[in-house]
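Q: Contents of target_34.cif (mmCIF, C-alpha atoms) are below:
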data_coords
#
loop_
_atom_site.label_atom_id
_atom_site.label_comp_id
_atom_site.auth_asym_id
_atom_site.auth_seq_id
_atom_site.Cartn_x
_atom_site.Cartn_y
_atom_site.Cartn_z
CA MET A 752 0.00 0.00 0.00
CA ILE A 753 1.33 3.42 -1.00
CA LYS A 754 1.07 6.13 1.58
CA VAL A 755 0.67 9.66 0.25
CA THR A 756 1.62 12.59 2.51
CA ILE A 757 0.17 15.99 1.67
CA ILE A 758 2.09 19.03 2.90
CA LYS A 759 0.06 22.01 3.46
CA LYS A 760 1.51 25.41 2.43
CA GLY A 761 -1.08 28.06 2.74
CA GLY A 762 -4.00 28.84 0.54
CA GLY A 763 -6.49 27.10 -1.80
CA HIS A 764 -4.05 26.93 -4.65
CA MET A 765 -2.01 24.41 -2.79
CA LYS A 766 -5.08 22.33 -2.13
CA LYS A 767 -5.84 22.11 -5.83
CA ARG A 768 -2.31 20.99 -6.66
CA ALA A 769 -2.47 18.34 -3.97
CA ALA A 770 -5.76 17.02 -5.27
CA ALA A 771 -4.39 16.83 -8.83
CA MET A 772 -1.34 14.93 -7.71
CA PHE A 773 -3.50 12.49 -5.72
CA LEU A 774 -5.66 11.84 -8.74
CA ALA A 775 -2.65 11.18 -10.96
CA VAL A 776 -1.13 8.73 -8.53
CA TRP A 777 -4.45 6.87 -8.20
CA MET A 778 -4.81 6.46 -11.96
CA VAL A 779 -1.25 5.07 -12.28
CA LEU A 780 -1.92 2.57 -9.58
CA ALA A 781 -5.23 1.54 -11.14
CA LEU A 782 -3.66 0.99 -14.56
CA ALA A 783 -0.85 -1.05 -13.06
CA GLY A 784 -3.33 -3.31 -11.35
CA CYS A 785 -5.32 -3.90 -14.53
CA GLY A 786 -2.31 -4.70 -16.70
CA GLY A 787 -0.77 -7.26 -14.38
CA LYS A 788 -2.88 -10.25 -15.69
CA GLU A 789 -3.75 -11.18 -19.33
CA GLU A 790 -7.28 -12.26 -20.03
CA GLU A 791 -7.79 -15.94 -21.18
CA PRO A 792 -9.40 -16.35 -24.62
CA ALA A 793 -13.08 -17.08 -24.49
CA LYS A 794 -14.07 -20.74 -24.96
CA PRO A 795 -16.40 -21.58 -27.80
CA ALA A 796 -19.98 -22.02 -26.74
CA VAL A 797 -20.28 -25.56 -28.33
CA GLU A 798 -17.54 -28.20 -28.38
CA PRO A 799 -16.99 -29.54 -32.00
CA THR A 800 -18.10 -33.18 -32.54
CA PRO A 801 -15.07 -35.41 -33.33
CA ILE A 802 -15.20 -37.24 -36.73
CA GLU A 803 -15.40 -41.03 -36.21
CA GLU A 804 -13.60 -43.27 -38.69
CA PRO A 805 -15.94 -46.05 -40.06
CA GLU A 806 -15.07 -49.54 -38.86
CA PRO A 807 -13.84 -51.84 -41.65
CA GLU A 808 -16.32 -54.42 -42.93
CA PRO A 809 -15.44 -57.91 -41.65
CA GLU A 810 -14.28 -60.25 -44.42
CA PRO A 811 -16.79 -63.06 -45.09
CA GLN A 812 -15.60 -66.41 -43.82
CA PRO A 813 -16.13 -69.47 -46.05
CA GLU A 814 -18.61 -71.98 -44.70
CA PRO A 815 -16.90 -75.17 -43.55
CA GLU A 816 -17.27 -78.12 -45.88
CA PRO A 817 -19.65 -80.75 -44.46
CA ALA A 818 -17.74 -83.73 -43.21
CA GLY A 819 -18.20 -86.77 -45.46
CA PRO A 820 -18.54 -90.37 -44.34
CA ALA A 821 -15.42 -91.63 -42.61
CA GLY A 822 -15.51 -95.11 -44.15
CA THR A 823 -14.66 -96.42 -47.63
CA ASN A 824 -16.76 -98.60 -49.92
CA PRO A 825 -14.44 -101.54 -50.73
CA LEU A 826 -16.14 -102.05 -54.11
CA THR A 827 -15.76 -98.47 -55.36
CA GLY A 828 -13.14 -96.72 -53.24
CA LEU A 829 -15.67 -93.96 -52.51
CA PRO A 830 -16.60 -92.70 -49.02
CA MET A 831 -19.36 -94.53 -47.18
CA GLU A 832 -20.60 -94.87 -43.62
CA PRO A 833 -18.12 -97.00 -41.64
CA GLU A 834 -20.82 -99.41 -40.40
CA TYR A 835 -21.26 -100.77 -43.94
CA GLU A 836 -17.58 -101.37 -44.74
CA ASN A 837 -17.36 -104.93 -43.43
CA ASP A 838 -20.86 -105.98 -44.50
CA ARG A 839 -21.23 -108.79 -46.99
CA PRO A 840 -22.44 -107.28 -50.27
CA VAL A 841 -25.64 -108.48 -51.92
CA ALA A 842 -25.40 -109.90 -55.46
CA ILE A 843 -28.66 -109.80 -57.42
CA MET A 844 -29.55 -111.56 -60.68
CA PHE A 845 -31.08 -109.15 -63.22
CA ASN A 846 -33.11 -110.18 -66.25
CA ASN A 847 -31.68 -108.47 -69.36
CA LEU A 848 -34.02 -109.52 -72.14
CA LYS A 849 -35.14 -106.69 -74.38
CA ALA A 850 -38.76 -107.51 -73.50
CA ALA A 851 -37.93 -107.13 -69.78
CA GLN A 852 -36.65 -103.55 -70.00
CA PRO A 853 -36.40 -101.35 -68.07
CA GLN A 854 -34.47 -102.94 -65.25
CA LEU A 855 -35.09 -101.47 -61.81
CA SER A 856 -32.27 -100.04 -59.62
CA ILE A 857 -29.48 -101.59 -61.71
CA SER A 858 -27.82 -98.15 -61.93
CA GLN A 859 -27.22 -98.18 -58.16
CA ALA A 860 -25.05 -101.31 -58.23
CA ASP A 861 -21.40 -100.83 -57.31
CA ILE A 862 -20.34 -103.51 -59.80
CA ILE A 863 -22.29 -104.91 -62.75
CA TYR A 864 -21.17 -108.23 -64.26
CA GLU A 865 -22.68 -108.99 -67.67
CA VAL A 866 -22.24 -112.52 -68.97
CA PRO A 867 -23.84 -114.39 -71.89
CA ALA A 868 -26.57 -116.90 -71.13
CA GLU A 869 -28.29 -119.43 -73.39
CA GLY A 870 -29.76 -118.41 -76.74
CA GLY A 871 -27.48 -115.41 -77.33
CA ILE A 872 -28.92 -113.37 -74.46
CA THR A 873 -27.05 -111.91 -71.50
CA ARG A 874 -27.90 -111.53 -67.84
CA MET A 875 -26.46 -109.20 -65.25
CA LEU A 876 -25.26 -109.67 -61.71
CA GLY A 877 -25.49 -106.42 -59.73
CA VAL A 878 -23.32 -106.28 -56.61
CA PHE A 879 -24.35 -103.80 -53.88
CA GLN A 880 -22.16 -103.10 -50.86
CA SER A 881 -25.21 -101.54 -49.21
CA LEU A 882 -28.91 -101.62 -50.09
CA GLU A 883 -29.62 -98.56 -47.96
CA GLY A 884 -31.91 -96.27 -49.97
CA VAL A 885 -32.28 -98.74 -52.87
CA GLY A 886 -35.89 -99.17 -53.97
CA THR A 887 -37.50 -101.85 -56.13
CA LEU A 888 -35.03 -104.28 -57.73
CA GLY A 889 -35.66 -106.41 -60.78
CA SER A 890 -36.81 -108.11 -62.62
CA ILE A 891 -35.10 -111.06 -60.92
CA ARG A 892 -33.99 -114.09 -62.92
CA SER A 893 -32.52 -117.51 -62.36
CA ALA A 894 -29.10 -118.67 -61.23
CA ARG A 895 -26.25 -120.19 -63.22
CA PRO A 896 -23.02 -121.66 -61.78
CA TYR A 897 -20.74 -118.93 -63.16
CA TYR A 898 -22.85 -116.13 -61.67
CA ILE A 899 -22.69 -117.92 -58.32
CA GLU A 900 -18.89 -118.11 -58.63
CA LEU A 901 -18.68 -114.37 -59.29
CA ALA A 902 -20.81 -113.71 -56.19
CA LEU A 903 -18.67 -116.05 -54.07
CA GLY A 904 -15.58 -114.01 -55.04
CA HIS A 905 -17.14 -111.14 -53.08
CA ASP A 906 -18.33 -113.33 -50.16
CA ALA A 907 -21.74 -112.00 -51.21
CA LEU A 908 -25.29 -112.95 -50.32
CA TYR A 909 -26.97 -114.16 -53.51
CA VAL A 910 -30.47 -113.18 -54.69
CA HIS A 911 -32.11 -115.07 -57.59
CA ALA A 912 -35.36 -116.56 -58.85
CA GLY A 913 -34.93 -120.24 -59.65
CA GLY A 914 -31.93 -121.72 -61.41
CA SER A 915 -30.62 -124.41 -63.70
CA PRO A 916 -30.35 -127.96 -62.28
CA GLU A 917 -26.58 -127.56 -62.03
CA ALA A 918 -26.95 -124.20 -60.26
CA TYR A 919 -29.26 -125.72 -57.64
CA GLU A 920 -26.75 -128.52 -57.03
CA ASP A 921 -23.97 -125.95 -56.60
CA LEU A 922 -25.99 -123.74 -54.26
CA LYS A 923 -26.49 -126.72 -51.99
CA SER A 924 -23.06 -128.36 -52.17
CA TRP A 925 -21.18 -125.04 -51.93
CA LYS A 926 -23.40 -123.94 -49.02
CA VAL A 927 -24.21 -120.61 -50.69
CA ASP A 928 -26.26 -118.16 -48.63
CA ASN A 929 -29.02 -117.31 -51.09
CA MET A 930 -32.54 -115.93 -51.33
CA ASP A 931 -34.72 -117.64 -53.96
CA GLY A 932 -37.88 -116.08 -55.35
CA VAL A 933 -39.17 -119.30 -56.93
CA ASN A 934 -38.26 -122.31 -54.81
CA GLY A 935 -37.36 -120.54 -51.59
CA GLY A 936 -38.83 -121.02 -48.14
CA SER A 937 -39.49 -118.00 -45.95
CA ASP A 938 -37.06 -116.02 -48.11
CA ALA A 939 -39.61 -116.12 -50.95
CA ARG A 940 -41.68 -113.60 -48.98
CA ILE A 941 -39.31 -110.79 -49.96
CA PHE A 942 -40.39 -111.12 -53.63
CA TRP A 943 -43.60 -110.09 -55.39
CA ARG A 944 -45.04 -109.67 -58.88
CA ASP A 945 -45.03 -106.04 -59.95
CA ALA A 946 -48.56 -105.01 -60.94
CA GLU A 947 -47.46 -102.34 -63.43
CA ARG A 948 -45.08 -104.68 -65.24
CA ARG A 949 -47.81 -107.33 -65.51
CA LYS A 950 -49.84 -104.91 -67.63
CA THR A 951 -47.27 -104.90 -70.43
CA MET A 952 -44.91 -107.85 -69.86
CA ASP A 953 -44.93 -111.60 -69.72
CA TYR A 954 -45.27 -113.10 -66.26
CA GLU A 955 -41.62 -114.24 -66.15
CA HIS A 956 -40.43 -110.59 -66.35
CA THR A 957 -42.42 -109.30 -63.37
CA LEU A 958 -40.75 -110.76 -60.27
CA VAL A 959 -39.12 -108.06 -58.11
CA THR A 960 -37.80 -107.41 -54.62
CA SER A 961 -36.49 -104.28 -52.90
CA GLY A 962 -33.57 -103.08 -50.85
CA GLU A 963 -35.84 -102.68 -47.83
CA LYS A 964 -37.29 -106.21 -48.08
CA VAL A 965 -33.85 -107.81 -48.42
CA GLN A 966 -32.52 -105.80 -45.48
CA GLU A 967 -35.47 -106.81 -43.31
CA TYR A 968 -34.88 -110.46 -44.13
CA LEU A 969 -31.16 -110.22 -43.42
CA GLY A 970 -31.92 -108.41 -40.16
CA ALA A 971 -33.67 -111.54 -38.89
CA ASP A 972 -30.31 -113.39 -38.63
CA HIS A 973 -30.92 -115.88 -41.43
CA PHE A 974 -27.30 -115.56 -42.61
CA ARG A 975 -23.95 -114.19 -41.58
CA THR A 976 -24.12 -110.54 -42.66
CA GLU A 977 -20.48 -109.53 -42.05
CA HIS A 978 -17.43 -110.81 -43.89
CA LYS A 979 -15.82 -113.94 -42.62
CA GLU A 980 -12.62 -113.49 -40.66
CA GLY A 981 -9.61 -112.79 -42.85
CA TYR A 982 -11.60 -111.65 -45.88
CA ALA A 983 -10.52 -108.40 -47.53
CA TYR A 984 -11.34 -107.05 -50.97
CA THR A 985 -7.90 -106.10 -52.25
CA GLN A 986 -8.73 -103.95 -55.28
CA ALA A 987 -6.94 -100.57 -55.23
CA PHE A 988 -8.57 -97.29 -56.31
CA ALA A 989 -7.37 -93.80 -57.20
CA GLU A 990 -9.22 -90.53 -57.66
CA ASP A 991 -8.21 -90.62 -61.33
CA GLY A 992 -7.86 -94.12 -62.72
CA THR A 993 -7.09 -93.09 -66.31
CA PRO A 994 -4.35 -95.49 -67.44
CA ALA A 995 -1.00 -93.91 -68.23
CA ASN A 996 0.02 -94.17 -71.89
CA GLY A 997 -3.41 -95.56 -72.71
CA THR A 998 -4.96 -95.68 -76.17
CA ASP A 999 -7.87 -93.37 -76.98
CA ALA A 1000 -11.11 -95.17 -76.19
CA ARG A 1001 -14.03 -92.75 -76.10
CA HIS A 1002 -16.51 -95.00 -77.90
CA VAL A 1003 -16.53 -98.75 -77.31
CA THR A 1004 -18.88 -101.27 -78.92
CA LEU A 1005 -19.11 -104.86 -77.68
CA LYS A 1006 -21.05 -107.26 -79.88
CA TYR A 1007 -21.86 -110.24 -77.69
CA THR A 1008 -24.11 -111.91 -80.24
CA SER A 1009 -26.46 -110.95 -83.04
CA TYR A 1010 -29.07 -110.39 -80.30
CA LYS A 1011 -27.11 -108.24 -77.85
CA THR A 1012 -24.69 -105.36 -78.47
CA GLY A 1013 -23.47 -103.01 -75.75
CA LEU A 1014 -22.19 -99.47 -76.28
CA PHE A 1015 -20.01 -97.47 -73.86
CA ASP A 1016 -19.59 -93.78 -74.65
CA TYR A 1017 -17.21 -91.70 -72.55
CA ASP A 1018 -18.76 -88.56 -71.08
CA GLU A 1019 -16.15 -85.91 -70.30
CA ALA A 1020 -18.41 -83.97 -67.93
CA SER A 1021 -19.11 -86.89 -65.57
CA GLY A 1022 -15.92 -88.86 -66.18
CA LYS A 1023 -18.03 -91.97 -66.79
CA TYR A 1024 -18.91 -94.30 -69.62
CA LEU A 1025 -22.62 -94.05 -70.48
CA VAL A 1026 -24.14 -97.41 -71.38
CA SER A 1027 -26.55 -98.14 -74.23
CA GLN A 1028 -28.12 -101.38 -75.43
CA TYR A 1029 -30.82 -102.46 -77.85
CA GLY A 1030 -30.22 -99.27 -79.85
CA LYS A 1031 -30.93 -96.76 -77.07
CA ALA A 1032 -29.69 -95.50 -73.71
CA HIS A 1033 -29.74 -98.16 -70.99
CA THR A 1034 -32.08 -96.37 -68.58
CA ASP A 1035 -32.95 -97.49 -65.05
CA GLY A 1036 -36.73 -97.64 -64.67
CA ALA A 1037 -36.53 -96.84 -60.94
CA THR A 1038 -34.07 -93.93 -60.89
CA ARG A 1039 -34.63 -92.72 -64.49
CA GLU A 1040 -30.85 -92.46 -64.81
CA GLN A 1041 -28.76 -93.85 -67.63
CA VAL A 1042 -26.58 -96.72 -66.46
CA SER A 1043 -22.95 -95.57 -66.28
CA ALA A 1044 -19.59 -96.63 -64.87
CA VAL A 1045 -16.21 -95.07 -64.15
CA ASN A 1046 -14.46 -98.35 -64.97
CA VAL A 1047 -15.29 -100.72 -67.83
CA LEU A 1048 -13.49 -104.06 -68.05
CA PHE A 1049 -13.69 -106.71 -70.77
CA LEU A 1050 -12.54 -110.13 -69.55
CA GLU A 1051 -11.82 -112.77 -72.19
CA THR A 1052 -12.49 -116.39 -71.28
CA ASP A 1053 -13.79 -119.70 -72.63
CA ILE A 1054 -17.55 -120.02 -73.16
CA SER A 1055 -19.21 -123.08 -74.62
CA VAL A 1056 -22.58 -124.85 -74.75
CA ILE A 1057 -22.94 -127.60 -72.16
CA PRO A 1058 -22.98 -130.90 -74.08
CA GLY A 1059 -26.45 -132.44 -74.17
CA ASP A 1060 -28.20 -129.47 -72.53
CA THR A 1061 -31.55 -129.19 -74.31
CA TYR A 1062 -31.79 -125.45 -73.51
CA GLY A 1063 -28.35 -124.64 -74.81
CA ARG A 1064 -27.11 -123.48 -71.42
CA LEU A 1065 -23.49 -122.37 -71.21
CA LYS A 1066 -20.33 -123.30 -69.39
CA VAL A 1067 -18.30 -120.17 -68.57
CA ARG A 1068 -14.80 -120.38 -67.12
CA THR A 1069 -14.43 -117.84 -64.29
CA SER A 1070 -11.31 -119.20 -62.57
CA GLY A 1071 -7.75 -119.47 -63.83
CA SER A 1072 -6.54 -116.48 -65.86
CA GLY A 1073 -6.97 -114.69 -69.15
CA GLU A 1074 -6.50 -111.51 -71.17
CA GLY A 1075 -8.64 -108.41 -70.96
CA THR A 1076 -8.98 -104.69 -71.61
CA PHE A 1077 -9.47 -101.85 -69.13
CA PHE A 1078 -11.26 -98.60 -70.03
CA CYS A 1079 -11.22 -95.49 -67.85
CA GLY A 1080 -11.08 -91.75 -68.50
CA GLY A 1081 -11.47 -92.22 -72.25
CA LYS A 1082 -8.33 -94.40 -72.45
CA SER A 1083 -7.70 -98.14 -72.57
CA VAL A 1084 -4.89 -100.57 -71.79
CA PRO A 1085 -4.57 -104.35 -72.06
CA ILE A 1086 -4.77 -106.23 -68.76
CA ARG A 1087 -4.74 -109.72 -67.35
CA TRP A 1088 -7.29 -111.19 -64.96
CA SER A 1089 -7.02 -114.13 -62.59
CA LYS A 1090 -9.24 -115.94 -60.09
CA ALA A 1091 -7.70 -118.65 -57.93
CA ASP A 1092 -10.88 -120.74 -57.54
CA ARG A 1093 -14.64 -120.37 -57.28
CA ASN A 1094 -14.28 -118.59 -53.91
CA GLY A 1095 -11.38 -116.40 -54.99
CA GLN A 1096 -11.84 -112.79 -56.00
CA LEU A 1097 -11.01 -111.45 -59.44
CA VAL A 1098 -7.55 -109.88 -59.54
CA TYR A 1099 -6.52 -107.46 -62.29
CA THR A 1100 -2.99 -106.63 -63.38
CA LEU A 1101 -1.37 -104.65 -66.17
CA ALA A 1102 0.54 -106.51 -68.87
CA ASP A 1103 3.80 -106.16 -66.88
CA GLY A 1104 2.22 -107.72 -63.79
CA THR A 1105 1.69 -104.46 -61.91
CA PRO A 1106 -1.61 -104.47 -59.97
CA LEU A 1107 -4.29 -102.48 -61.79
CA THR A 1108 -5.64 -99.40 -60.02
CA LEU A 1109 -9.25 -98.55 -60.81
CA GLY A 1110 -10.82 -95.11 -60.71
CA GLN A 1111 -12.99 -94.34 -57.70
CA GLY A 1112 -16.52 -95.25 -58.68
CA SER A 1113 -18.64 -98.04 -60.09
CA SER A 1114 -17.41 -100.74 -62.46
CA TYR A 1115 -19.03 -102.57 -65.38
CA VAL A 1116 -17.41 -105.94 -66.12
CA CYS A 1117 -18.18 -107.77 -69.37
CA VAL A 1118 -17.22 -111.45 -69.51
CA MET A 1119 -16.90 -112.55 -73.13
CA ASP A 1120 -15.37 -115.16 -75.44
CA PRO A 1121 -13.22 -113.58 -78.17
CA ASP A 1122 -14.11 -116.49 -80.46
CA THR A 1123 -17.81 -115.64 -80.43
CA SER A 1124 -17.87 -111.95 -79.41
CA SER A 1125 -15.93 -108.92 -80.62
CA PHE A 1126 -15.44 -105.26 -79.74
CA THR A 1127 -14.32 -102.09 -81.50
CA VAL A 1128 -12.80 -98.94 -80.03
CA SER A 1129 -12.70 -95.39 -81.39
#
For this file, produce the structure as structure tokens.

A:
Amino acid sequence: MIKVTIIKKGGGHMKKRAAAMFLAVWMVLALAGCGGKEEEPAKPAVEPTPIEEPEPEPEPQPEPEPAGPAGTNPLTGLPMEPEYENDRPVAIMFNNLKAAQPQLSISQADIIYEVPAEGGITRMLGVFQSLEGVGTLGSIRSARPYYIELALGHDALYVHAGGSPEAYEDLKSWKVDNMDGVNGGSDARIFWRDAERRKTMDYEHTLVTSGEKVQEYLGADHFRTEHKEGYAYTQAFAEDGTPANGTDARHVTLKYTSYKTGLFDYDEASGKYLVSQYGKAHTDGATREQVSAVNVLFLETDISVIPGDTYGRLKVRTSGSGEGTFFCGGKSVPIRWSKADRNGQLVYTLADGTPLTLGQGSSYVCVMDPDTSSFTVS
């Protein structure tokens, strides 16, 4: 605090000077007090809103592939449910007369064996590792010894409708587990005459069964339904079975007899041979699909008429060994086949003895005699 002393020296004039000096000093002090502190800048009335950066879009994640069956079908090399792997397959006799077309569910067989029968006709043996989901099957025809031998090579359960006298002897003496639609016992209950086929076909072409009926019968413990101990189907498969250094074979024609000719046309899109017979596509009457196969095999053997057989039935050699041709992926190579005995499985090798690897998928095997049948390839 500043103390101001006023000295009086006579008169009013002195009072005026003192008052002026006091006023001057007060103004200096006031200005000094005001200038000692700078004013802070005024704050804006509204705070600005900060700009938010947009969050990046999350990248779409691919959906996981559904897990396929963990087992493998021994007849095709394709995935299947593990519980079916060690099951005995079912081998079914299919009528193949022109008048009996269409066949039912033949396209769902894992392996089709076509072999000549009497009178220039052929019949087919369809082998199914599983009948799950398979509908009506047929029409069913009678047994012959060589079809039985092919079924035995797979340790298969055999389905037929009747048979030649020799076939019946073999079924009994070989102790073949079979289901007979003509002379069977309780197993005959799995067969019936198809009402629709009876409208347009002879009676002999109307006998059918179904995957469900056969499974129900087998579920009642009539036969052993799993492979016997030590059995293993040894055929190897690869995703692509096209033979290396093979010859072009996109169109194959097999003339069994003057009655029956089979055509196999390679389809690039599906990687399969599409089958035709009797001048048109071989179509399954149950699935409406054309019969097809990844692998086609021609096996050459000896076929002859049984001496004295009034029906002209045939003797077909299915054991031993012989030449053949393998078709896959639009290519072909010569092969050899062998079968140790009636119970042995067919084994395929290349000409140098290397085991043949088939493509993953179904197979169509034609057993033929080169002296009476012929084929062309283009």

Q: Can you turn the PyMOL selection byres ((chain A and resi 896) around 8) into a concrete residue list for this file, as a list in words?

A: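 Checking the PyMOL selection byres ((chain A and resi 896) around 8) against this file, the residues are Ala894, Arg895, Tyr897, Tyr898, Ile899, Glu900, Glu917, Ala918 and Asp921 of chain A.
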
Q: Considering all atoms listed in the file, can you say which of A:Pro867, A:Gly962, A:Pro1085, A:Pro809 comes closest to A:Cys1117?

A: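 Distance minimum relative to A:Cys1117 lands on A:Pro867.
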
Q: Could you name the residues that touch A:Asn996 at 10 Å or less, counting all atoms listed in the file, but leaving out those on the same chain fewer than 3 positions away, as a compact mmCIF listing (two decimals) with C-alpha atoms, in the frame of the given file?

A:
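Ended up saving to out37.txt:
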# COMPACT_ATOMS: atom_id res chain seq x y z
CA THR A 993 -7.09 -93.09 -66.31
CA ASP A 999 -7.87 -93.37 -76.98
CA LYS A 1082 -8.33 -94.40 -72.45
CA SER A 1083 -7.70 -98.14 -72.57
CA VAL A 1084 -4.89 -100.57 -71.79

Q: Here is a test: counting all atoms listed in the file, which residue of A:Asp1016, A:Asp1122, A:Gly828, A:Ser1072 is nearest to A:Ala989?

A: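 For A:Ala989, the nearest of the given residues is A:Gly828.
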
Q: Grab the atom CA of A:Ala995 to atom CA of A:Gly1104 distance for me, in Å with one decimal place.

A: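 Between atom CA of A:Ala995 and atom CA of A:Gly1104 the gap works out to 14.9 Å.
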
Q: May I have the protein, DNA and RNA residues with any atom at most 7 Å from the point (-25.5, -94.5, -72.8), counting all atoms listed in the file, written as a tab-separated table (two decimals) with C-alpha atoms, in the coordinates of the input?

A:
chain	number	residue	atom	x	y	z
A	1014	LEU	CA	-22.19	-99.47	-76.28
A	1015	PHE	CA	-20.01	-97.47	-73.86
A	1016	ASP	CA	-19.59	-93.78	-74.65
A	1025	LEU	CA	-22.62	-94.05	-70.48
A	1026	VAL	CA	-24.14	-97.41	-71.38
A	1027	SER	CA	-26.55	-98.14	-74.23
A	1032	ALA	CA	-29.69	-95.50	-73.71
A	1033	HIS	CA	-29.74	-98.16	-70.99
A	1041	GLN	CA	-28.76	-93.85	-67.63
A	1042	VAL	CA	-26.58	-96.72	-66.46

Q: Tell me which of A:Tyr1115, A:Phe879, A:Tyr1017, A:Tyr1010 sits closest to A:Pro840, counting only C-alpha atoms.

A: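 Smallest distance to A:Pro840 is found for A:Phe879.
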
Q: Which one is closest to A:Asp938: A:Ala1020, A:Val1118, A:Val965, A:Ile863? Count all atoms listed in the file.

A: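 The shortest atom-to-atom distance to A:Asp938 comes from A:Val965.
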
Q: Do you know which residues are at most 6 Å from A:Thr957 counting all atoms listed in the file, after dropping those on the same chain fewer than 6 positions away, and could you put them as a list in words?

A: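 Within the cut-off, the hits are Ser890, Arg944, Asp945 and Arg948 of chain A.
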
Q: Would you work out the distance separating atom CA of A:Arg874 from atom CA of A:Phe845, expressed in Å to one decimal?

A: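 We find that atom CA of A:Arg874 and atom CA of A:Phe845 lie 6.1 Å from each other.
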